[in-house]
Amino acid sequence: MLAIISPLMRIVEIPMLALQRLLGMNRLAWVFLAPNLILFGLFAFLPVILNVAYATTGGSNVLLADRPDVGLRNFATLTDCGSVLDPNSCREDKFWRAVWNTTWFVTLQVGFMVGFALLTAIILNRDIRARGFFRAVFFFPVLLSPVVVALIWKWILQREGVLNAFLDWAGPGGFNWLVDANWAFTWSVFISVWAHMGFYTLILLAGLQAIPRDVYEAATMDRASPWRAFRKITLPLLAPTMLVVLVLALIKGVQTFDEIYAFTGGGPGTATTFIIQYIYEEGFAGAPRLFGLAAAASLMVAFVLVILTLIQLWVNRRNVDG
Amino acid sequence: MASVAEFLTRTRGRANGGTRLHWTDWASYTYLTFGILLMFGPVVWLVLSSFKTEADLQRYPPTFLPYQQQTMLIEGYDEPLPLFRMTGGDYEGMVLAQVRRVGLQAQMVDPANPGERLRTGIEDREPVQRVRLATENYTELFERFTFLRYFWNSTFITLMSTAIMLLVNSMAAFALSKYQFRGRTTVLLLVIGTLMIPQTVVLVPLFLIVTELGMFNSLWGVIIPGAATPTGVFLLRQYMLTIPDEILDAARMDKASEWKIYWRIILPLSAPAIAVLAILAIMWRWNDFLWPLIVLTQSENFTLQLALNSFQGELLTDWSSLLAMTVLTLLPIAAVFMFLQKYIATGIASTGGK
């Protein structure tokens with residue numbers, strides 16, 4: 001490896017040295033920053049600005065010059081509803097179905113995930129054997145690719161899969177899980193919790209381990225019951241970490257796409273179609289590529305994410321100060 | 001018996017004086033055991049299933065281990081014939097080979113006496129089988145050109161994207177940690193800004209930019225935007241701040257150029273942080289799905305993740321190949337995880353938790 005890198009680096013040194021003589025040492029910093037700034041500018045900042053341009057233009061051309069200006073009509077189309085609570089009364093019913101699916105999904109997924117992550121972290125923080133091993137057990141699904149997670153569970157849940165074989169044997173009988181809307185949704189929440197729980201467990205465990213032991217010792221001396229110690233010491237001292245975890249989980253949850261798309265394809269019907277899948281389908285998978293609608297929808301998602309991120313920054317700052 | 005129970009339930013010395021496991025310990029270990037089953041079980045099942053033949057995969061209820069029916073080459077027949085053990089009827093207890101099956105009847109032949117055909121009912125027999133790993137699921141994948149193609153695409157994207165990201169991020173981190181220049185705070189804020197823009201909300205304009213740059217349906221269309229990940233700038237800057245400036249000054253006295261200081265001093269000294277970042281980046285890029293799905297629409301450009309997704313969508317899913325391919329897709333990550341578990345855990349905790 002080094003044998004390839006070293007000569008390359010030596011070649012780069014020649015122009016860099018010339019630049020150093022030309023600019024002086026401190027202005028050379030901009031040269032070091034340049035590749036990064038170009039990449040970020042081109043693939044992060046420019047898209048944000050262009051997103052607004054797309055959201056206010058119509059048609060299915062990619063090139064902005066060929067796109068007619070429609071003002072806020074894309075947003076009007078998305079929000080043209082009898083009542084936003086009832087997707088059937090909306091012009092873009094699929095959008096609102098996706099919005100409500102995502103809302104429900106995020107509520108359930110984050111709730112269960114953070115709950116189980118907290119329980120697991122508390123148990124892992126006890127005086128147990130082989131803690132490292134158990135931590136790894138709960139953590140490793142985090143590393144699996146979304147498609148692999150989806151396939152593993154699809155294989156287990158299929159009509160003639162191992163879960164149905166077990167249920168047939170145990171009594172209740174098998175079921176075609178992913179064909180039923182409610183079950184497909186339930187299992188989507190389940191595999192999402194399964195796949196991501198370990199990450200939050202890890203953060204919460206770090207938070208628990210940061211609580212000083214002597215606080216608990218003092219509580220034991222005062223004959224506080226373990227339950228009381230948990231409520232009066234663990235929970236308040238863990239609260240900042242909990243907030244970080246909650247906001248992070250919400251930000252990720254809103255953007256759920258990969259594993260569910262590979263798992264159910266958004267179906268049956270639109271039962272597991274979430275907002276990112278709606279954007280993907282309007283902009284890239286559908287026959288007329290409605291970039292404007294997709295961009296308008298992503299701006300609405302961005303709005304939610306910005307609010308969540310601001311909360312996150314505020315929480316972080318408060319943690320640092322406190 | 002009592003002493004055995006005591007031995008099993010004895011714990012390491014505890015502050016509160018108790019030497020027996022409290023009921024909460026039992027509950028904890030029960031929970032953890034259940035956790036092992038729930039977390040590992042599905043993956044173990046996937047790996048076991050990937051070694052089953054297509055016929056074995058069709059079996060319901062499925063068996064735990066991969067089985068294969070034994071066959072025997074019998075005089076007068078070109079193909080090896082499947083063996084059955086008779087459980088009832090006239091030939092109970094004998095092992096016969098099936099010549100063919102017609103409805104509920106089967107024509108069988110006794111391996112010891114191949115000349116004579118025997119008629120039996122199919123409910124009177126069970127297949128003779130033994131545990132055998134169907135490794136052909138894997139070897140067939142490698143014989144197929146397309147699989148190697150996907151594997152290569154994934155590897156190329158992952159390595160290139162990671163290398164570019166490491167180089168670019170470490171250069172920026174060097175500038176932000178070791179130079180005093182006007183606009184440094186602004187740049188830092190800009191990088192924080194990039195952290196706040198998830199790819200999922202800028203898909204449409206990103207698609208335009210990539211298309212305009214001629215990278216649509218090219219691996220570079222995945223590599224370059226993937227390399228524009230800001231996480232590394234923070235991680236590396238934080239680490240480089242701990243490198244004392246005196247080392248740099250000493251090198252400057254010796255007339256080392258700034259570039260030489262970067263790659264001869266700063267890079268080697270930041271190796272631990274770079275390693276953590278490299279592992280994270282490799283995982284991110286290997287597992288990427290949504291952006292490759294948009295950019296790579298021709299099947300010869302598919303990554304493993306895209307190929308897996310498109311295979312499972314086919315009407316008649318070829319599960320035996322698909323499962324083997326899934327195992328091979330998760331294998332590199334599993335290997336990395338086994339050896340570098342600790343670094344990954346700390347790395348993820350420090351990038352995602354802060």
# chains A, B, ... in the order shown; residues from 1 in each chain; ligands from 1
call {"tool": "residues_around", "arguments": {"residues": "Tyr60 (chain B)", "least_positions_apart": "6", "cutoff": "8 Å", "atoms": "only C-alpha atoms", "output": "list in words"}}
result
Glu160, Gly161 and Ala165 of chain A
call {"tool": "write_last_selection", "arguments": {"atoms": "N, CA, C and O atoms", "output": "CSV table (one decimal), in the first residue's frame"}}
result
chain,number,residue,atom,x,y,z
A,160,GLU,N,-43.8,-20.4,3.7
A,160,GLU,CA,-43.3,-21.6,4.1
A,160,GLU,C,-42.0,-21.5,4.9
A,160,GLU,O,-41.1,-22.2,4.7
A,161,GLY,N,-42.0,-20.4,5.6
A,161,GLY,CA,-40.7,-20.1,6.4
A,161,GLY,C,-40.7,-20.8,7.7
A,161,GLY,O,-41.7,-21.4,8.2
A,165,ALA,N,-43.6,-22.5,10.3
A,165,ALA,CA,-43.4,-23.9,10.6
A,165,ALA,C,-43.5,-24.1,12.2
A,165,ALA,O,-44.2,-25.0,12.7
call {"tool": "interface_residues", "arguments": {"of": "chain A", "to": "chain B", "cutoff": "6 Å", "atoms": "only C-alpha atoms", "output": "PyMOL selection string"}}
result
chain A and resi 13+29+32-33+36+39-40+43+47+50-51+123+145+165+203+298+302
call {"tool": "select_by_dssp", "arguments": {"residues": "region 184-236 of chain A", "states": "alpha helix (DSSP H)", "output": "ChimeraX atom specification"}}
result
/A:184-209,213-221,226-229,235-236
call {"tool": "write_last_selection", "arguments": {"atoms": "N, CA and C atoms", "output": "tab-separated table (two decimals), in the first residue's frame"}}
result
chain	number	residue	atom	x	y	z
A	184	ALA	N	-47.69	-6.53	7.94
A	184	ALA	CA	-46.51	-6.05	7.23
A	184	ALA	C	-45.94	-4.82	7.93
A	185	PHE	N	-46.85	-3.94	8.37
A	185	PHE	CA	-46.43	-2.73	9.08
A	185	PHE	C	-45.76	-3.10	10.41
A	186	THR	N	-46.41	-4.00	11.14
A	186	THR	CA	-45.86	-4.43	12.43
A	186	THR	C	-44.47	-5.01	12.26
A	187	TRP	N	-44.33	-5.89	11.28
A	187	TRP	CA	-43.02	-6.52	11.06
A	187	TRP	C	-41.99	-5.49	10.59
A	188	SER	N	-42.43	-4.48	9.86
A	188	SER	CA	-41.50	-3.43	9.45
A	188	SER	C	-40.93	-2.72	10.67
A	189	VAL	N	-41.83	-2.39	11.61
A	189	VAL	CA	-41.36	-1.77	12.85
A	189	VAL	C	-40.39	-2.72	13.55
A	190	PHE	N	-40.77	-4.00	13.59
A	190	PHE	CA	-39.94	-4.98	14.29
A	190	PHE	C	-38.53	-5.08	13.69
A	191	ILE	N	-38.43	-5.25	12.38
A	191	ILE	CA	-37.09	-5.45	11.82
A	191	ILE	C	-36.27	-4.16	11.94
A	192	SER	N	-36.94	-3.04	11.90
A	192	SER	CA	-36.22	-1.78	12.05
A	192	SER	C	-35.66	-1.66	13.47
A	193	VAL	N	-36.46	-2.03	14.46
A	193	VAL	CA	-35.97	-2.03	15.85
A	193	VAL	C	-34.83	-3.03	15.98
A	194	TRP	N	-35.02	-4.21	15.42
A	194	TRP	CA	-34.00	-5.27	15.49
A	194	TRP	C	-32.67	-4.78	14.93
A	195	ALA	N	-32.73	-4.08	13.80
A	195	ALA	CA	-31.51	-3.71	13.11
A	195	ALA	C	-30.78	-2.55	13.77
A	196	HIS	N	-31.51	-1.63	14.42
A	196	HIS	CA	-30.85	-0.40	14.87
A	196	HIS	C	-30.72	-0.26	16.37
A	197	MET	N	-31.35	-1.17	17.10
A	197	MET	CA	-31.37	-1.04	18.55
A	197	MET	C	-29.96	-1.00	19.14
A	198	GLY	N	-29.05	-1.81	18.61
A	198	GLY	CA	-27.72	-1.93	19.19
A	198	GLY	C	-26.97	-0.62	19.24
A	199	PHE	N	-27.17	0.20	18.24
A	199	PHE	CA	-26.50	1.50	18.19
A	199	PHE	C	-26.87	2.36	19.38
A	200	TYR	N	-28.18	2.42	19.67
A	200	TYR	CA	-28.64	3.26	20.77
A	200	TYR	C	-28.30	2.63	22.12
A	201	THR	N	-28.30	1.28	22.15
A	201	THR	CA	-27.89	0.60	23.38
A	201	THR	C	-26.48	1.03	23.76
A	202	LEU	N	-25.62	1.10	22.73
A	202	LEU	CA	-24.22	1.45	22.95
A	202	LEU	C	-24.10	2.85	23.55
A	203	ILE	N	-24.84	3.81	22.97
A	203	ILE	CA	-24.76	5.18	23.47
A	203	ILE	C	-25.31	5.26	24.90
A	204	LEU	N	-26.45	4.58	25.13
A	204	LEU	CA	-27.04	4.62	26.47
A	204	LEU	C	-26.14	3.94	27.49
A	205	LEU	N	-25.48	2.86	27.07
A	205	LEU	CA	-24.57	2.16	27.98
A	205	LEU	C	-23.42	3.09	28.36
A	206	ALA	N	-22.89	3.83	27.38
A	206	ALA	CA	-21.83	4.78	27.69
A	206	ALA	C	-22.33	5.82	28.68
A	207	GLY	N	-23.59	6.28	28.49
A	207	GLY	CA	-24.18	7.25	29.39
A	207	GLY	C	-24.31	6.69	30.80
A	208	LEU	N	-24.73	5.42	30.90
A	208	LEU	CA	-24.89	4.79	32.22
A	208	LEU	C	-23.55	4.65	32.92
A	209	GLN	N	-22.52	4.30	32.12
A	209	GLN	CA	-21.22	4.07	32.73
A	209	GLN	C	-20.57	5.37	33.18
A	213	ARG	N	-20.08	5.77	40.40
A	213	ARG	CA	-20.53	4.66	41.25
A	213	ARG	C	-20.88	5.11	42.66
A	214	ASP	N	-20.11	6.11	43.14
A	214	ASP	CA	-20.30	6.45	44.56
A	214	ASP	C	-21.68	7.03	44.84
A	215	VAL	N	-22.34	7.56	43.79
A	215	VAL	CA	-23.69	8.05	44.01
A	215	VAL	C	-24.58	6.89	44.44
A	216	TYR	N	-24.40	5.74	43.76
A	216	TYR	CA	-25.20	4.56	44.11
A	216	TYR	C	-24.82	4.05	45.49
A	217	GLU	N	-23.52	4.10	45.79
A	217	GLU	CA	-23.07	3.60	47.09
A	217	GLU	C	-23.70	4.42	48.20
A	218	ALA	N	-23.72	5.74	47.98
A	218	ALA	CA	-24.35	6.61	48.99
A	218	ALA	C	-25.82	6.23	49.15
A	219	ALA	N	-26.48	5.93	48.03
A	219	ALA	CA	-27.90	5.56	48.09
A	219	ALA	C	-28.08	4.27	48.87
A	220	THR	N	-27.18	3.30	48.65
A	220	THR	CA	-27.27	2.04	49.38
A	220	THR	C	-27.11	2.28	50.87
A	221	MET	N	-26.16	3.15	51.23
A	221	MET	CA	-25.93	3.49	52.64
A	221	MET	C	-27.20	4.05	53.26
A	226	PRO	N	-33.49	-0.33	45.37
A	226	PRO	CA	-32.92	-0.24	44.02
A	226	PRO	C	-33.84	0.50	43.07
A	227	TRP	N	-35.14	0.27	43.22
A	227	TRP	CA	-36.11	0.92	42.34
A	227	TRP	C	-36.06	2.44	42.52
A	228	ARG	N	-35.95	2.85	43.80
A	228	ARG	CA	-35.87	4.27	44.12
A	228	ARG	C	-34.56	4.86	43.57
A	229	ALA	N	-33.48	4.09	43.72
A	229	ALA	CA	-32.19	4.55	43.20
A	229	ALA	C	-32.27	4.74	41.69
A	235	LEU	N	-32.33	7.64	36.20
A	235	LEU	CA	-33.12	8.35	35.19
A	235	LEU	C	-32.74	9.82	35.05
A	236	PRO	N	-32.65	10.60	36.15
A	236	PRO	CA	-32.28	12.01	35.97
A	236	PRO	C	-30.89	12.19	35.37
call {"tool": "residues_around", "arguments": {"residues": "Pro80 (chain B)", "least_positions_apart": "5", "cutoff": "12 Å", "atoms": "only C-alpha atoms", "output": "MDAnalysis selection string"}}
result
chainID B and resid 69:75 97:100 111
call {"tool": "atom_distance", "arguments": {"atom1": "CA of Ala76 (chain A)", "atom2": "CA of Val306 (chain A)"}}
result
21.6 Å
call {"tool": "closest_residue", "arguments": {"among": "B:Met86, B:Arg130, B:Ala106, B:Ala335", "to": "Leu144 (chain A)", "atoms": "only C-alpha atoms"}}
result
B:Ala335
call {"tool": "atom_distance", "arguments": {"atom1": "CA of Gln107 (chain B)", "atom2": "CA of Arg132 (chain B)"}}
result
26.4 Å
call {"tool": "residues_around", "arguments": {"residues": "Asn74 (chain A)", "least_positions_apart": "2", "cutoff": "8 Å", "atoms": "only C-alpha atoms", "output": "PyMOL selection string"}}
result
chain A and resi 55-58+70-72+76-78+292-293+296
call {"tool": "write_last_selection", "arguments": {"atoms": "C-alpha atoms", "output": "PDB file, in the first residue's frame"}}
result
ATOM      1  CA  ALA A  55     -39.574  22.608  -6.041  1.00  0.00           C
ATOM      2  CA  THR A  56     -40.810  25.774  -7.785  1.00  0.00           C
ATOM      3  CA  THR A  57     -40.658  24.396 -11.333  1.00  0.00           C
ATOM      4  CA  GLY A  58     -42.750  21.799 -13.109  1.00  0.00           C
ATOM      5  CA  VAL A  70     -44.822  27.132 -11.446  1.00  0.00           C
ATOM      6  CA  GLY A  71     -44.303  29.070  -8.252  1.00  0.00           C
ATOM      7  CA  LEU A  72     -45.719  27.303  -5.251  1.00  0.00           C
ATOM      8  CA  ALA A  76     -50.322  23.435  -3.436  1.00  0.00           C
ATOM      9  CA  THR A  77     -50.699  20.064  -5.189  1.00  0.00           C
ATOM     10  CA  LEU A  78     -49.212  18.240  -2.230  1.00  0.00           C
ATOM     11  CA  GLY A 292     -40.791  19.187  -8.864  1.00  0.00           C
ATOM     12  CA  LEU A 293     -43.170  17.225  -6.672  1.00  0.00           C
ATOM     13  CA  ALA A 296     -41.228  19.932  -2.852  1.00  0.00           C
TER      14      ALA A 296
END
call {"tool": "closest_residue", "arguments": {"among": "A:Asn316, A:Ser225, A:Asn182, A:Thr103", "to": "Val244 (chain A)", "atoms": "only C-alpha atoms"}}
result
A:Asn316
call {"tool": "closest_residue", "arguments": {"among": "B:Thr185, B:Thr120, B:Thr87, B:Thr146", "to": "Met108 (chain B)", "atoms": "only C-alpha atoms"}}
result
B:Thr120
